[in-house]
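Notes follow once the structure below has been shown.
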Amino acid sequence: MHYALLRPLLFALDPERAHALTLDALARTHALGLSSLVAAPAAGRRIVAMGLDFPNGVGLAAGMDKNGACIDALAALGFGFIEIGTTTPRPQPGNPQPRMFRLPEARALINRLGFNNGGVDALVRNVERSRFRRDGGVLGINIGKNFDTPIERAADDYLICLRKVYAHASYVTVNISSPNTANLRDLQSSDALGGLLAAVMSERATLAAQHARTVPIAVKIAPDLSREQVASIATLLVEHRVDAVIATNTTIARDGVAGLRHATETGGLSGAPLLAKSTEVVRWLSESLAGAMPIIGVGGIASGADAKSKIAAGAALVQFYTGMVYRGPELVGECVRALATD
Ligand SMILES: Cc1cc2nc3c(=O)[nH]c(=O)nc-3n(C[C@H](O)[C@H](O)[C@H](O)COP(=O)(O)O)c2cc1C
């Protein structure tokens, strides 16, 4: 089916409604064994990173499947890995609606969802039901904090989530970069980050011994950081032996969208206007890290060429979310094929 035909229908709906309908339709199509009507997975180039074996380097970014309710259907689109979440210890409704906006002229979105999710226990139940993990698929689980947990106690929430998802994840992402949870991004400052990483990595060591398996830890950072801030974060990630870094989350900047409808809505901007900025962060990380850990490049990918530009900047793997909204499932195959050619 051509997404170009479906898109005007979806864009006539409220963005959150369109999102829910699309995920539901994907799940139903998959349950009927008809995923091949939606996308034909392309042969990709295998990548080993974080000690994991990725069938291709193109992943679904966090936030599309916050509860892990649609893992198998999304995986059937041909992604090399799927990241679910952000999940929090307790369920929470997120911010009042409307809280998601399309900026079609810029191929962008603004969201201030605020970690609306069913809580980590519900996510774990969903993962247990999915085939993808059982069949050896690479599943990232992205963890965060509840909105009403004081920021000084943020580490408690990350540890609760880490313990609960540990047995179910290929890797775990510590999300300290969503702009829609008050003060969350302050965890990127050197003092706060050092304390958080010490707590997370020490708990990981305990869990690795208990489970006889070391689950890699990735940290996801914002694009709204100076080169110096990125360099300090990189130093801390290496010091604490973090396994990977994901760059980047959405931006609070409004470069490239000034004057457009919805451009002044509060929230994180994603999609095409974020591409150059987030790729620059990948480049800065790559310089600072000098190969110490893999970088997952995310932000504004809307074509195979965009995906390649992240790799050229130093990323080992890529992810996208907003590109799916504007291009549909065919973007997956396009990126997989682009990364399979030199
Ligand atoms: C509607 C929406 C919800 C998102 N929710 C999350 C989330 O829960 N956790 C997270 O780490 N990132 C979240 N993101 C950020 C994406 O994972 C990604 O980092 C960002 O959108 C940039 O990539 P893109 O331009 O390909 O969308 C969300 C993005 C969007 C558009």
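Convention: chains lettered A, B, ... in structure tokens order; per-chain residue numbering from 1; ligands numbered from 1 as shown.
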
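Considering only segment 229-331 of chain A, backbone DSSP assigns strand (DSSP E or B) to Ala244, Val245, Ile246, Ala247, Thr251, Gly268, Leu269, Ser270, Gly271, Ile295, Ile296, Gly297, Val298, Leu317, Val318, Gln319 and Phe320 of chain A.
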
Any residue with an atom at most 8 Å from ligand 1 counts, using only C-alpha atoms and all ligand atoms. Which are they? Put them as a CSV table (one decimal) with all heavy atoms, in the first residue's frame.
```csv
chain,number,residue,atom,x,y,z
A,60,LEU,N,14.0,2.0,15.1
A,60,LEU,CA,12.9,2.9,15.4
A,60,LEU,C,13.3,3.6,16.7
A,60,LEU,O,13.6,3.0,17.7
A,60,LEU,CB,11.6,2.1,15.6
A,60,LEU,CG,10.4,2.9,16.1
A,60,LEU,CD1,9.9,3.8,14.9
A,60,LEU,CD2,9.3,2.0,16.5
A,61,ALA,N,13.1,5.0,16.7
A,61,ALA,CA,13.5,5.8,17.8
A,61,ALA,C,12.4,5.7,18.9
A,61,ALA,O,11.3,5.3,18.6
A,61,ALA,CB,13.6,7.3,17.4
A,62,ALA,N,12.8,6.0,20.1
A,62,ALA,CA,11.9,5.9,21.3
A,62,ALA,C,10.7,6.9,21.1
A,62,ALA,O,10.9,7.9,20.5
A,62,ALA,CB,12.6,6.2,22.6
A,63,GLY,N,9.6,6.5,21.7
A,63,GLY,CA,8.4,7.4,21.7
A,63,GLY,C,7.3,7.0,20.8
A,63,GLY,O,6.2,7.4,21.1
A,64,MET,N,7.6,6.2,19.8
A,64,MET,CA,6.5,5.8,18.9
A,64,MET,C,5.7,4.7,19.6
A,64,MET,O,4.5,4.7,19.5
A,64,MET,CB,7.0,5.4,17.5
A,64,MET,CG,5.8,5.0,16.6
A,64,MET,SD,6.3,4.8,14.9
A,64,MET,CE,6.6,6.5,14.4
A,66,LYS,N,5.5,3.7,23.1
A,66,LYS,CA,6.0,4.0,24.5
A,66,LYS,C,5.7,2.8,25.4
A,66,LYS,O,6.5,2.6,26.4
A,66,LYS,CB,5.2,5.2,25.0
A,66,LYS,CG,5.7,6.5,24.4
A,66,LYS,CD,5.1,7.7,25.0
A,66,LYS,CE,5.4,9.0,24.3
A,66,LYS,NZ,6.5,9.7,24.8
A,85,GLY,N,9.5,2.7,24.8
A,85,GLY,CA,9.5,3.7,25.9
A,85,GLY,C,9.4,5.1,25.3
A,85,GLY,O,9.2,5.2,24.1
A,86,THR,N,9.6,6.1,26.1
A,86,THR,CA,10.1,6.0,27.5
A,86,THR,C,9.1,5.5,28.5
A,86,THR,O,7.9,5.9,28.4
A,86,THR,CB,10.5,7.5,27.9
A,86,THR,OG1,11.6,7.9,27.1
A,86,THR,CG2,11.0,7.5,29.4
A,87,THR,N,9.5,4.6,29.4
A,87,THR,CA,8.6,4.1,30.4
A,87,THR,C,9.1,4.7,31.7
A,87,THR,O,10.2,5.1,31.9
A,87,THR,CB,8.7,2.5,30.4
A,87,THR,OG1,7.7,2.0,31.3
A,87,THR,CG2,10.1,2.0,30.9
A,100,MET,N,0.5,17.5,20.7
A,100,MET,CA,1.3,17.0,19.5
A,100,MET,C,0.9,17.8,18.3
A,100,MET,O,-0.4,17.8,18.1
A,100,MET,CB,1.1,15.5,19.4
A,100,MET,CG,2.0,14.8,18.4
A,100,MET,SD,1.9,13.0,18.7
A,100,MET,CE,2.6,12.4,17.2
A,108,ALA,N,8.0,18.5,10.1
A,108,ALA,CA,8.5,18.5,11.5
A,108,ALA,C,7.3,18.2,12.4
A,108,ALA,O,6.1,18.3,11.9
A,108,ALA,CB,9.1,19.9,11.8
A,109,LEU,N,7.5,17.9,13.6
A,109,LEU,CA,6.5,17.8,14.7
A,109,LEU,C,7.0,18.6,15.9
A,109,LEU,O,8.2,18.7,16.1
A,109,LEU,CB,6.4,16.3,15.1
A,109,LEU,CG,5.9,15.3,14.1
A,109,LEU,CD1,6.0,13.9,14.7
A,109,LEU,CD2,4.4,15.6,13.7
A,110,ILE,N,6.0,19.0,16.7
A,110,ILE,CA,6.3,19.5,18.0
A,110,ILE,C,5.5,18.7,19.0
A,110,ILE,O,4.3,18.5,18.7
A,110,ILE,CB,6.0,21.0,18.2
A,110,ILE,CG1,7.0,21.9,17.4
A,110,ILE,CG2,6.1,21.4,19.7
A,110,ILE,CD1,6.7,23.4,17.4
A,111,ASN,N,6.1,18.1,20.0
A,111,ASN,CA,5.3,17.4,21.0
A,111,ASN,C,5.7,17.8,22.4
A,111,ASN,O,6.9,18.1,22.7
A,111,ASN,CB,5.5,15.9,20.8
A,111,ASN,CG,6.6,15.3,21.6
A,111,ASN,OD1,6.5,15.0,22.8
A,111,ASN,ND2,7.8,15.1,21.0
A,112,ARG,N,4.7,17.8,23.3
A,112,ARG,CA,4.9,17.9,24.7
A,112,ARG,C,4.1,16.9,25.4
A,112,ARG,O,3.3,17.2,26.4
A,112,ARG,CB,4.6,19.3,25.2
A,112,ARG,CG,3.2,19.8,24.8
A,112,ARG,CD,2.8,21.1,25.5
A,112,ARG,NE,1.5,21.7,25.1
A,112,ARG,CZ,1.3,22.5,24.1
A,112,ARG,NH1,2.3,22.9,23.4
A,112,ARG,NH2,0.1,22.9,23.9
A,113,LEU,N,4.3,15.6,25.0
A,113,LEU,CA,3.5,14.5,25.5
A,113,LEU,C,3.7,14.4,27.0
A,113,LEU,O,2.8,14.2,27.8
A,113,LEU,CB,3.8,13.2,24.8
A,113,LEU,CG,3.4,13.2,23.3
A,113,LEU,CD1,4.0,11.9,22.7
A,113,LEU,CD2,1.9,13.2,23.2
A,114,GLY,N,5.0,14.4,27.4
A,114,GLY,CA,5.3,14.3,28.8
A,114,GLY,C,5.3,12.9,29.4
A,114,GLY,O,4.8,12.7,30.5
A,115,PHE,N,5.9,12.0,28.6
A,115,PHE,CA,6.0,10.6,29.1
A,115,PHE,C,4.7,10.0,29.5
A,115,PHE,O,4.5,9.4,30.5
A,115,PHE,CB,7.0,10.4,30.3
A,115,PHE,CG,8.4,10.7,30.0
A,115,PHE,CD1,9.3,10.9,31.1
A,115,PHE,CD2,8.9,10.8,28.7
A,115,PHE,CE1,10.7,11.2,30.8
A,115,PHE,CE2,10.3,11.1,28.5
A,115,PHE,CZ,11.1,11.3,29.5
A,116,ASN,N,3.7,10.2,28.6
A,116,ASN,CA,2.4,9.5,28.8
A,116,ASN,C,2.7,8.0,28.6
A,116,ASN,O,3.2,7.6,27.5
A,116,ASN,CB,1.3,10.0,27.8
A,116,ASN,CG,1.8,9.9,26.4
A,116,ASN,OD1,2.9,10.3,26.1
A,116,ASN,ND2,1.0,9.4,25.5
A,142,ASN,N,13.8,2.2,26.8
A,142,ASN,CA,14.1,3.5,27.2
A,142,ASN,C,13.4,3.9,28.5
A,142,ASN,O,12.2,3.8,28.6
A,142,ASN,CB,13.7,4.5,26.0
A,142,ASN,CG,14.1,5.9,26.2
A,142,ASN,OD1,13.7,6.5,27.2
A,142,ASN,ND2,14.7,6.5,25.2
A,143,ILE,N,14.2,4.3,29.5
A,143,ILE,CA,13.6,4.5,30.8
A,143,ILE,C,13.8,6.0,31.2
A,143,ILE,O,14.7,6.7,30.9
A,143,ILE,CB,14.3,3.6,31.9
A,143,ILE,CG1,15.8,3.8,32.0
A,143,ILE,CG2,14.0,2.1,31.5
A,143,ILE,CD1,16.4,3.0,33.1
A,173,THR,N,18.2,2.3,27.5
A,173,THR,CA,18.5,3.7,27.3
A,173,THR,C,18.1,4.6,28.5
A,173,THR,O,16.9,4.5,28.9
A,173,THR,CB,17.8,4.3,26.1
A,173,THR,OG1,18.3,3.5,24.9
A,173,THR,CG2,18.2,5.7,25.8
A,175,ASN,N,17.2,8.0,29.5
A,175,ASN,CA,16.8,9.2,28.8
A,175,ASN,C,16.9,10.4,29.8
A,175,ASN,O,16.1,10.5,30.7
A,175,ASN,CB,15.3,9.0,28.3
A,175,ASN,CG,14.8,10.2,27.6
A,175,ASN,OD1,15.5,11.2,27.3
A,175,ASN,ND2,13.5,10.2,27.4
A,176,ILE,N,17.8,11.3,29.5
A,176,ILE,CA,18.0,12.5,30.3
A,176,ILE,C,17.8,13.7,29.5
A,176,ILE,O,18.3,14.8,29.8
A,176,ILE,CB,19.4,12.5,31.0
A,176,ILE,CG1,20.5,12.2,30.0
A,176,ILE,CG2,19.4,11.5,32.1
A,176,ILE,CD1,21.9,12.5,30.5
A,177,SER,N,17.0,13.5,28.4
A,177,SER,CA,17.0,14.6,27.4
A,177,SER,C,15.6,15.0,26.9
A,177,SER,O,15.5,15.9,26.0
A,177,SER,CB,17.9,14.3,26.2
A,177,SER,OG,17.6,13.0,25.8
A,178,SER,N,14.6,14.5,27.5
A,178,SER,CA,13.2,14.9,27.1
A,178,SER,C,13.0,16.3,27.6
A,178,SER,O,13.2,16.6,28.8
A,178,SER,CB,12.1,14.0,27.6
A,178,SER,OG,10.9,14.7,27.4
A,220,LYS,N,20.9,8.9,26.4
A,220,LYS,CA,20.3,9.7,25.3
A,220,LYS,C,20.4,11.2,25.6
A,220,LYS,O,19.8,11.6,26.7
A,220,LYS,CB,18.9,9.3,25.0
A,220,LYS,CG,18.3,10.0,23.8
A,220,LYS,CD,17.0,9.4,23.3
A,220,LYS,CE,16.4,10.1,22.1
A,220,LYS,NZ,15.2,9.4,21.7
A,247,ALA,N,22.3,10.3,20.2
A,247,ALA,CA,22.2,11.7,19.9
A,247,ALA,C,21.4,12.0,18.6
A,247,ALA,O,21.8,11.5,17.6
A,247,ALA,CB,23.6,12.3,19.7
A,248,THR,N,20.2,12.6,18.7
A,248,THR,CA,19.8,13.4,19.9
A,248,THR,C,18.3,13.2,20.1
A,248,THR,O,17.6,12.7,19.2
A,248,THR,CB,20.0,14.9,19.7
A,248,THR,OG1,19.1,15.4,18.6
A,248,THR,CG2,21.4,15.2,19.4
A,249,ASN,N,17.8,13.8,21.2
A,249,ASN,CA,16.4,13.9,21.4
A,249,ASN,C,15.9,15.1,20.6
A,249,ASN,O,16.6,15.7,19.8
A,249,ASN,CB,16.1,14.1,22.9
A,249,ASN,CG,14.8,13.4,23.4
A,249,ASN,OD1,13.8,13.7,22.8
A,249,ASN,ND2,14.9,12.6,24.4
A,250,THR,N,14.6,15.6,20.9
A,250,THR,CA,14.1,16.7,20.2
A,250,THR,C,14.7,18.0,20.7
A,250,THR,O,15.3,18.0,21.8
A,250,THR,CB,12.5,16.8,20.5
A,250,THR,OG1,12.3,16.8,21.9
A,250,THR,CG2,11.8,15.6,19.9
A,268,GLY,N,9.1,19.8,22.3
A,268,GLY,CA,10.3,19.4,21.5
A,268,GLY,C,10.0,19.3,20.0
A,268,GLY,O,9.1,18.7,19.6
A,269,LEU,N,10.9,19.9,19.2
A,269,LEU,CA,10.8,19.9,17.8
A,269,LEU,C,11.6,18.8,17.2
A,269,LEU,O,12.7,18.6,17.6
A,269,LEU,CB,11.3,21.3,17.2
A,269,LEU,CG,11.4,21.4,15.7
A,269,LEU,CD1,10.0,21.5,15.0
A,269,LEU,CD2,12.2,22.6,15.4
A,270,SER,N,11.0,18.0,16.3
A,270,SER,CA,11.7,16.9,15.7
A,270,SER,C,11.5,17.0,14.2
A,270,SER,O,10.7,17.8,13.7
A,270,SER,CB,11.1,15.6,16.2
A,270,SER,OG,9.7,15.5,15.9
A,271,GLY,N,12.2,16.2,13.4
A,271,GLY,CA,12.0,16.2,12.0
A,271,GLY,C,13.1,17.0,11.3
A,271,GLY,O,14.1,17.4,11.9
A,272,ALA,N,12.8,17.3,10.0
A,272,ALA,CA,13.9,17.9,9.1
A,272,ALA,C,14.6,19.0,9.7
A,272,ALA,O,15.9,19.1,9.6
A,272,ALA,CB,13.2,18.2,7.8
A,274,LEU,N,15.7,19.5,12.5
A,274,LEU,CA,16.6,19.1,13.5
A,274,LEU,C,17.9,18.4,12.9
A,274,LEU,O,18.9,18.2,13.6
A,274,LEU,CB,15.9,18.1,14.5
A,274,LEU,CG,16.6,17.4,15.6
A,274,LEU,CD1,17.2,18.4,16.6
A,274,LEU,CD2,15.6,16.5,16.4
A,275,LEU,N,17.8,18.0,11.7
A,275,LEU,CA,18.8,17.2,11.1
A,275,LEU,C,20.3,17.7,11.3
A,275,LEU,O,21.1,17.0,11.9
A,275,LEU,CB,18.6,16.9,9.6
A,275,LEU,CG,19.6,16.1,8.9
A,275,LEU,CD1,19.6,14.7,9.3
A,275,LEU,CD2,19.4,16.2,7.3
A,298,VAL,N,20.3,10.1,15.7
A,298,VAL,CA,18.9,10.3,15.5
A,298,VAL,C,18.5,11.7,15.5
A,298,VAL,O,19.1,12.5,16.3
A,298,VAL,CB,18.1,9.5,16.6
A,298,VAL,CG1,18.5,9.7,18.0
A,298,VAL,CG2,16.6,9.7,16.5
A,299,GLY,N,17.7,12.1,14.6
A,299,GLY,CA,17.2,13.5,14.5
A,299,GLY,C,17.1,13.9,13.1
A,299,GLY,O,18.1,14.1,12.4
A,300,GLY,N,15.9,14.0,12.6
A,300,GLY,CA,15.7,14.6,11.2
A,300,GLY,C,15.9,13.7,10.0
A,300,GLY,O,15.9,14.2,8.9
A,301,ILE,N,16.1,12.4,10.2
A,301,ILE,CA,16.4,11.6,9.1
A,301,ILE,C,15.1,11.4,8.3
A,301,ILE,O,14.0,11.0,8.8
A,301,ILE,CB,16.9,10.2,9.5
A,301,ILE,CG1,18.3,10.3,10.1
A,301,ILE,CG2,16.9,9.2,8.3
A,301,ILE,CD1,18.8,9.0,10.7
A,302,ALA,N,15.1,11.8,7.0
A,302,ALA,CA,13.9,11.7,6.1
A,302,ALA,C,14.3,11.1,4.8
A,302,ALA,O,13.4,11.0,3.9
A,302,ALA,CB,13.4,13.1,5.9
A,319,GLN,N,18.5,6.0,14.0
A,319,GLN,CA,17.1,5.8,14.4
A,319,GLN,C,16.3,7.0,13.8
A,319,GLN,O,16.9,8.1,13.5
A,319,GLN,CB,16.9,5.9,15.9
A,319,GLN,CG,17.5,4.8,16.7
A,319,GLN,CD,17.3,5.0,18.2
A,319,GLN,OE1,17.4,6.1,18.7
A,319,GLN,NE2,17.0,3.9,18.9
A,320,PHE,N,15.0,6.8,13.6
A,320,PHE,CA,14.1,7.9,13.3
A,320,PHE,C,12.7,7.7,13.8
A,320,PHE,O,12.4,6.5,14.1
A,320,PHE,CB,14.1,8.2,11.8
A,320,PHE,CG,13.8,7.1,10.9
A,320,PHE,CD1,12.5,6.6,10.8
A,320,PHE,CD2,14.8,6.5,10.2
A,320,PHE,CE1,12.3,5.5,9.9
A,320,PHE,CE2,14.6,5.4,9.3
A,320,PHE,CZ,13.3,4.9,9.2
A,321,TYR,N,12.0,8.7,14.0
A,321,TYR,CA,10.6,8.7,14.4
A,321,TYR,C,9.8,9.6,13.4
A,321,TYR,O,8.9,9.1,12.6
A,321,TYR,CB,10.4,9.2,15.8
A,321,TYR,CG,9.0,9.3,16.3
A,321,TYR,CD1,8.8,9.1,17.7
A,321,TYR,CD2,7.9,9.5,15.5
A,321,TYR,CE1,7.5,9.1,18.2
A,321,TYR,CE2,6.6,9.5,16.0
A,321,TYR,CZ,6.4,9.3,17.3
A,321,TYR,OH,5.1,9.3,17.8
A,322,THR,N,10.1,10.9,13.3
A,322,THR,CA,9.3,11.8,12.5
A,322,THR,C,9.3,11.5,11.0
A,322,THR,O,8.3,11.6,10.4
A,322,THR,CB,9.8,13.3,12.8
A,322,THR,OG1,9.8,13.5,14.2
A,322,THR,CG2,8.9,14.3,12.1
A,323,GLY,N,10.4,10.9,10.6
A,323,GLY,CA,10.4,10.5,9.1
A,323,GLY,C,9.4,9.5,8.8
A,323,GLY,O,8.9,9.5,7.7
A,324,MET,N,9.0,8.7,9.8
A,324,MET,CA,7.9,7.7,9.5
A,324,MET,C,6.6,8.4,9.3
A,324,MET,O,5.8,7.9,8.5
A,324,MET,CB,7.8,6.8,10.8
A,324,MET,CG,8.8,5.7,10.8
A,324,MET,SD,8.5,4.4,9.6
A,324,MET,CE,7.2,3.5,10.4
```

Set the distance at 12 Å and use only C-alpha atoms: which residues neighbour Arg153 of chain A once local chain neighbours fewer than 2 positions away are removed? I'd like the list as a PyMOL selection string. chain A and resi 144-151+155-160+183-184+187+192+195-196+199

Contacts of segment 126-139 of chain A at 9 Å or less, counting only C-alpha atoms, minus same-chain residues fewer than 2 places along, as a tab-separated table (two decimals) with N, CA and C atoms, in the first residue's frame?
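result-v3.tsv, freshly written:
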```
chain	number	residue	atom	x	y	z
A	52	LEU	N	26.21	-6.34	20.60
A	52	LEU	CA	24.96	-6.88	20.06
A	52	LEU	C	25.08	-7.00	18.54
A	53	ASP	N	24.30	-7.94	18.00
A	53	ASP	CA	24.35	-8.21	16.57
A	53	ASP	C	23.11	-7.60	15.91
A	54	PHE	N	23.28	-6.53	15.16
A	54	PHE	CA	22.16	-5.85	14.50
A	54	PHE	C	22.06	-6.31	13.05
A	55	PRO	N	20.90	-6.83	12.62
A	55	PRO	CA	20.77	-7.27	11.22
A	55	PRO	C	20.92	-6.11	10.23
A	67	ASN	N	4.73	1.95	25.12
A	67	ASN	CA	4.39	0.84	26.01
A	67	ASN	C	4.81	-0.52	25.47
A	68	GLY	N	5.46	-0.53	24.33
A	68	GLY	CA	5.84	-1.81	23.73
A	68	GLY	C	4.64	-2.64	23.31
A	69	ALA	N	3.58	-1.94	22.88
A	69	ALA	CA	2.34	-2.64	22.54
A	69	ALA	C	2.33	-3.13	21.09
A	70	CYS	N	3.31	-2.71	20.31
A	70	CYS	CA	3.25	-2.95	18.86
A	70	CYS	C	4.59	-3.42	18.31
A	71	ILE	N	5.38	-4.07	19.16
A	71	ILE	CA	6.77	-4.40	18.82
A	71	ILE	C	6.86	-5.26	17.55
A	72	ASP	N	6.09	-6.33	17.51
A	72	ASP	CA	6.25	-7.28	16.39
A	72	ASP	C	5.86	-6.65	15.06
A	75	ALA	N	8.56	-4.20	14.05
A	75	ALA	CA	9.76	-4.92	13.62
A	75	ALA	C	9.57	-5.47	12.21
A	80	GLY	N	16.23	-2.77	11.97
A	80	GLY	CA	17.27	-3.63	12.54
A	80	GLY	C	17.19	-3.67	14.05
A	81	PHE	N	16.54	-2.68	14.63
A	81	PHE	CA	16.30	-2.69	16.08
A	81	PHE	C	15.15	-1.74	16.39
A	82	ILE	N	14.52	-2.02	17.54
A	82	ILE	CA	13.34	-1.25	17.96
A	82	ILE	C	13.62	-0.74	19.36
A	83	GLU	N	13.38	0.55	19.57
A	83	GLU	CA	13.49	1.08	20.94
A	83	GLU	C	12.10	1.47	21.43
A	84	ILE	N	11.68	0.87	22.52
A	84	ILE	CA	10.37	1.19	23.10
A	84	ILE	C	10.56	2.08	24.33
A	121	ASP	N	5.52	-1.91	34.50
A	121	ASP	CA	4.99	-3.28	34.61
A	121	ASP	C	4.19	-3.67	33.36
A	122	ALA	N	3.40	-2.71	32.88
A	122	ALA	CA	2.60	-2.97	31.66
A	122	ALA	C	3.53	-3.16	30.46
A	123	LEU	N	4.59	-2.36	30.40
A	123	LEU	CA	5.55	-2.51	29.29
A	123	LEU	C	6.19	-3.89	29.31
A	124	VAL	N	6.58	-4.33	30.49
A	124	VAL	CA	7.23	-5.65	30.60
A	124	VAL	C	6.26	-6.76	30.15
A	141	ILE	N	15.11	-0.68	25.54
A	141	ILE	CA	14.03	-0.18	26.41
A	141	ILE	C	14.52	1.12	27.04
A	168	HIS	N	14.56	-8.21	30.06
A	168	HIS	CA	13.76	-8.17	28.82
A	168	HIS	C	14.40	-7.34	27.72
A	169	ALA	N	15.49	-6.65	28.04
A	169	ALA	CA	16.06	-5.69	27.08
A	169	ALA	C	17.35	-6.20	26.46
A	170	SER	N	17.55	-5.85	25.17
A	170	SER	CA	18.88	-6.06	24.57
A	170	SER	C	19.81	-4.98	25.07
A	171	TYR	N	19.27	-3.74	25.16
A	171	TYR	CA	20.01	-2.64	25.79
A	171	TYR	C	18.99	-1.73	26.47
A	172	VAL	N	19.47	-0.93	27.41
A	172	VAL	CA	18.59	-0.01	28.14
A	172	VAL	C	19.10	1.42	27.90
```

Expressed in Å, the length from atom CA of Leu225 of chain A to atom CA of Pro273 of chain A is 16.3 Å

Atom CA of Leu77 of chain A sits from atom CA of Thr279 of chain A at a separation of 24.7 Å

All helix (DSSP H, G or I) residues (DSSP, backbone) inside segment 25-83 of chain A, as number ranges by chain:
A: 25-31, 35-37, 71-75

Give me the residues near Ala231 of chain A as a short mmCIF file (atom, residue, chain, number, x, y, z; two decimals) with C-alpha atoms, in the first residue's frame, where near means some atom within 8 Å (using only C-alpha atoms) and where sequence neighbours in that chain fewer than 3 positions away do not count.
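The result, stored in result_33.cif:
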```
data_model
loop_
_atom_site.label_atom_id
_atom_site.label_comp_id
_atom_site.auth_asym_id
_atom_site.auth_seq_id
_atom_site.Cartn_x
_atom_site.Cartn_y
_atom_site.Cartn_z
CA ARG A 227 30.40 21.78 22.14
CA GLU A 228 31.97 22.07 25.62
CA ALA A 234 31.52 12.36 26.62
CA THR A 235 34.25 12.36 29.29
CA TRP A 284 31.26 16.51 18.33
CA LEU A 285 30.71 13.25 20.21
CA SER A 288 35.47 13.54 21.88
#
```

Counting only C-alpha atoms, the residue among A:Ala244, A:Ala258, A:Ala106, A:Met50 that lies closest to Thr214 of chain A is A:Met50

Among A:Val245, A:Ala42, A:Ala20, A:Val200, Pro329 of chain A is approached most closely, using only C-alpha atoms, by A:Ala42

Rounded to one decimal, what separation in Å do you get between atom CA of Arg261 of chain A and atom CA of Ala276 of chain A?
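So the answer is 21.8 Å.
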